[in-house]
Amino acid sequence: MTQAEVLPPRLVWQEAEVRRIVQQTPTVKSFFLAPPAWHGFVAGQHIDVRLTAPDGYQAQRSYSIGSPPEAAEVELVIERLSTGEVSPFFHEVVQVGDMIEMRGPIGGHFDWQASDGGPVLLIGGGSGVVPLVSMLRHRAAAAPDVKMGLVYSARRFEDVIFRDELLARAAAEPDFALHLALTREAAPVAGHRHGRIDRAFIAEALAGLGAPPKLCFVCGATAFVEVASMFLVEIGVPFAAIRTERYGGTPAEDPIKADVAPEE
Ligand SMILES: Cc1cc2nc3c(=O)[nH]c(=O)nc-3n(C[C@H](O)[C@H](O)[C@H](O)COP(=O)(O)OP(=O)(O)OC[C@H]3O[C@@H](n4cnc5c(N)ncnc54)[C@H](O)[C@@H]3O)c2cc1C
């Protein structure tokens with residue numbers, strides 16, 4: 001029996017062409033893929049990619065889908081980790097026209113669709129904003145009246161992925177609010193927090209929703225997710241309303257490494 005005969009279609013590996021590559025920030029690029037067998041996804045889901053070296057060695061990683069379900073292509077948004085194996089390959093080797101082995105969509109917990117409603121608080125650290133932007137784009141297309149807030153922690157203003165889009169949405173969409181925290185910017189940037197997110201910053205974003213959140217989505221490096229979701233619990237958000245996606249890295253033994261403020 002072949003793989004395709006025993007596995008659900010989303011778990012069958014397929015080759016997708018890289019149609020476009022866009023530099024988003026100094027360390028982040030978007031890769032727009034066109035998988036031949038694709039039956040849609042829910043915002044927040046991810047795909048797996050698999051690289052195979054000539055000697056047969058394989059490396060597999062997960063990447064969230066940044067495009068909304070309404071889009072024709074699947075957008076992956078990959079941050080280059082200097083000590084990494086797969087992300088530098090994407091940044092330095094992959095070209096338009098290349099074929100990338102992938103499977104998906106994957107994930108059934110960290111996702112949001114218009115019928116889930118709101119209000120919704122999204123909290124992202126670094127590239128953890130990617131699935132949250134898919135949700136924001138889907139909301140704009142399918143349910144613009146749902147209140148959403150995005151708390152987004154980035155190192156510097158130049159590192160804010162989808163910066164122009166997020167600022168434009170915040171200005172144009174009355175039911176969307178952006179709460180940007182810049183952790184390593186040399187000087188304050190007008191209108192944005194200078195420093196790490198803390199409990200008060202998240203509480204302010206929650207208050208801006210005008211009603212208790214139906215759902216909160218927290219995504220980013222493991223340490224960031226652990227501390228940010230702990231803040232939500234401390235503020236009183238029920239566990240059942242909190243969904244998390246951990247991208248990896250070290251756990252939150254040190255709040256500074258988590259890029260969130262230590263306890264006051
Ligand atoms: C569900 C899911 C979705 C993901 N979506 C995205 C995405 O949209 N965009 C994206 O850029 N990445 C995403 N990731 C992370 C991605 O899968 C890889 O882990 C990442 O690209 C690093 O792979 P690498 O081979 O370059 O580094 P590796 O060789 O795996 O790791 C190199 C070093 O970096 C550390 N490290 C690994 N991941 C992180 C991290 N997130 N933060 C800090 N240190 C880390 C490792 O501990 C190691 O020391 C996602 C992960 C998961 C589980």
# chains A, B, ... in the order shown; residues from 1 in each chain; ligands from 1

call {"tool": "closest_atom_pairs", "arguments": {"of": "chain A", "to": "ligand 1", "cutoff": "9 Å", "atoms": "only C-alpha atoms and all ligand atoms", "output": "CSV"}}
result
residue,atom,partner,partner_atom_place_in_ligand_line,distance
A:Val28,CA,ligand 1,11 (O),7.4
A:Lys29,CA,ligand 1,11 (O),8.8
A:Gln45,CA,ligand 1,1 (C),7.6
A:His46,CA,ligand 1,1 (C),5.8
A:Ile47,CA,ligand 1,3 (C),7.7
A:Asp48,CA,ligand 1,17 (O),8.1
A:Val49,CA,ligand 1,17 (O),8.8
A:Ala59,CA,ligand 1,25 (O),7.6
A:Gln60,CA,ligand 1,25 (O),8.0
A:Arg61,CA,ligand 1,17 (O),4.3
A:Ser62,CA,ligand 1,17 (O),4.0
A:Tyr63,CA,ligand 1,5 (N),3.4
A:Ser64,CA,ligand 1,8 (O),4.0
A:Ile65,CA,ligand 1,8 (O),6.5
A:Gly66,CA,ligand 1,8 (O),7.1
A:Leu76,CA,ligand 1,8 (O),6.2
A:Val77,CA,ligand 1,9 (N),5.2
A:Ile78,CA,ligand 1,11 (O),3.6
A:Glu79,CA,ligand 1,11 (O),3.8
A:Arg80,CA,ligand 1,26 (O),6.4
A:Leu81,CA,ligand 1,26 (O),5.2
A:Ser82,CA,ligand 1,26 (O),7.4
A:Thr83,CA,ligand 1,32 (C),4.9
A:Gly84,CA,ligand 1,27 (O),3.3
A:Glu85,CA,ligand 1,25 (O),3.7
A:Val86,CA,ligand 1,25 (O),3.6
A:Ser87,CA,ligand 1,26 (O),3.7
A:Pro88,CA,ligand 1,26 (O),5.9
A:Phe89,CA,ligand 1,26 (O),7.8
A:Phe90,CA,ligand 1,26 (O),8.7
A:Ile106,CA,ligand 1,1 (C),8.3
A:Gly107,CA,ligand 1,1 (C),7.8
A:Gly126,CA,ligand 1,11 (O),8.4
A:Ser127,CA,ligand 1,9 (N),5.1
A:Gly128,CA,ligand 1,8 (O),6.4
A:Val129,CA,ligand 1,8 (O),7.8
A:Val130,CA,ligand 1,8 (O),5.3
A:Pro131,CA,ligand 1,8 (O),6.9
A:Cys219,CA,ligand 1,3 (C),8.7
A:Gly220,CA,ligand 1,41 (N),6.4
A:Ala221,CA,ligand 1,41 (N),4.3
A:Thr222,CA,ligand 1,41 (N),7.0
A:Ala223,CA,ligand 1,42 (N),8.5
A:Glu245,CA,ligand 1,1 (C),6.2
A:Arg246,CA,ligand 1,53 (C),5.8
A:Tyr247,CA,ligand 1,51 (C),3.7
A:Gly248,CA,ligand 1,38 (N),4.2
A:Gly249,CA,ligand 1,45 (C),3.7
A:Thr250,CA,ligand 1,47 (O),6.2

call {"tool": "select_by_dssp", "arguments": {"residues": "region 32-123 of chain A", "states": "strand (DSSP E or B)", "output": "PyMOL selection string"}}
result
chain A and resi 32-34+46-52+58-65+74-79+99-106+120-123

call {"tool": "closest_residue", "arguments": {"among": "A:Glu226, A:Asp55, A:Glu70, A:Glu75", "to": "Val18 (chain A)", "atoms": "only C-alpha atoms"}}
result
A:Glu75

call {"tool": "select_by_dssp", "arguments": {"residues": "region 55-158 of chain A", "states": "alpha helix (DSSP H)", "output": "list in words"}}
result
Val86, Ser87, Pro88, Phe89, Phe90, His91, Glu92, Val130, Pro131, Leu132, Val133, Ser134, Met135, Leu136, Arg137, His138, Arg139, Ala140, Ala141 and Ala142 of chain A

call {"tool": "write_last_selection", "arguments": {"atoms": "C-alpha atoms", "output": "PDB file, in the first residue's frame"}}
result
ATOM      1  CA  VAL A  86      16.524  24.519   8.531  1.00  0.00           C
ATOM      2  CA  SER A  87      15.797  28.268   8.753  1.00  0.00           C
ATOM      3  CA  PRO A  88      19.225  29.316   7.336  1.00  0.00           C
ATOM      4  CA  PHE A  89      18.650  26.852   4.463  1.00  0.00           C
ATOM      5  CA  PHE A  90      15.398  28.616   3.584  1.00  0.00           C
ATOM      6  CA  HIS A  91      17.057  32.033   3.773  1.00  0.00           C
ATOM      7  CA  GLU A  92      20.262  31.229   1.903  1.00  0.00           C
ATOM      8  CA  VAL A 130       2.528  34.557  12.127  1.00  0.00           C
ATOM      9  CA  PRO A 131      -0.563  32.407  12.905  1.00  0.00           C
ATOM     10  CA  LEU A 132      -2.095  35.408  14.688  1.00  0.00           C
ATOM     11  CA  VAL A 133      -1.802  37.470  11.507  1.00  0.00           C
ATOM     12  CA  SER A 134      -3.553  34.669   9.625  1.00  0.00           C
ATOM     13  CA  MET A 135      -6.395  35.020  12.164  1.00  0.00           C
ATOM     14  CA  LEU A 136      -6.436  38.815  11.760  1.00  0.00           C
ATOM     15  CA  ARG A 137      -6.559  38.525   7.980  1.00  0.00           C
ATOM     16  CA  HIS A 138      -9.345  35.954   8.196  1.00  0.00           C
ATOM     17  CA  ARG A 139     -11.261  38.177  10.615  1.00  0.00           C
ATOM     18  CA  ALA A 140     -10.983  41.141   8.210  1.00  0.00           C
ATOM     19  CA  ALA A 141     -12.323  38.990   5.365  1.00  0.00           C
ATOM     20  CA  ALA A 142     -15.021  37.068   7.211  1.00  0.00           C
TER      21      ALA A 142
END

call {"tool": "atom_distance", "arguments": {"atom1": "CA of Glu204 (chain A)", "atom2": "CA of Phe162 (chain A)"}}
result
22.8 Å

call {"tool": "residues_around", "arguments": {"residues": "region 205-209 of chain A", "least_positions_apart": "2", "cutoff": "9 Å", "atoms": "only C-alpha atoms", "output": "list in words"}}
result
Pro119, Val120, Leu121, Lys147, Met148, Gly149, Leu150, Val151, Asp175, Phe176, Ala177, Leu178, His179, Ala200, Phe201, Ile202, Ala203, Ala211, Pro212 and Pro213 of chain A

call {"tool": "residues_around", "arguments": {"residues": "region 4-12 of chain A", "least_positions_apart": "6", "cutoff": "9 Å", "atoms": "only C-alpha atoms", "output": "ChimeraX atom specification"}}
result
/A:37-39,102-106

call {"tool": "write_last_selection", "arguments": {"atoms": "N, CA and C atoms", "output": "PDB file, in the first residue's frame"}}
result
ATOM      1  N   ALA A  37      -1.975  19.546  -3.988  1.00  0.00           N
ATOM      2  CA  ALA A  37      -3.176  18.996  -3.345  1.00  0.00           C
ATOM      3  C   ALA A  37      -3.410  19.775  -2.054  1.00  0.00           C
ATOM      4  N   TRP A  38      -4.365  20.662  -2.086  1.00  0.00           N
ATOM      5  CA  TRP A  38      -4.585  21.531  -0.926  1.00  0.00           C
ATOM      6  C   TRP A  38      -6.081  21.764  -0.793  1.00  0.00           C
ATOM      7  N   HIS A  39      -6.616  21.452   0.370  1.00  0.00           N
ATOM      8  CA  HIS A  39      -8.071  21.514   0.539  1.00  0.00           C
ATOM      9  C   HIS A  39      -8.463  22.512   1.610  1.00  0.00           C
ATOM     10  N   MET A 102       6.364  19.142   1.755  1.00  0.00           N
ATOM     11  CA  MET A 102       5.530  19.616   2.874  1.00  0.00           C
ATOM     12  C   MET A 102       4.305  18.722   3.059  1.00  0.00           C
ATOM     13  N   ARG A 103       3.704  18.835   4.237  1.00  0.00           N
ATOM     14  CA  ARG A 103       2.415  18.178   4.464  1.00  0.00           C
ATOM     15  C   ARG A 103       1.582  19.040   5.413  1.00  0.00           C
ATOM     16  N   GLY A 104       0.289  18.906   5.315  1.00  0.00           N
ATOM     17  CA  GLY A 104      -0.576  19.696   6.190  1.00  0.00           C
ATOM     18  C   GLY A 104      -1.909  19.964   5.525  1.00  0.00           C
ATOM     19  N   PRO A 105      -2.780  20.748   6.132  1.00  0.00           N
ATOM     20  CA  PRO A 105      -2.545  21.502   7.362  1.00  0.00           C
ATOM     21  C   PRO A 105      -2.594  20.622   8.610  1.00  0.00           C
ATOM     22  N   ILE A 106      -1.912  21.085   9.670  1.00  0.00           N
ATOM     23  CA  ILE A 106      -1.821  20.334  10.917  1.00  0.00           C
ATOM     24  C   ILE A 106      -2.239  21.235  12.074  1.00  0.00           C
TER      25      ILE A 106
END
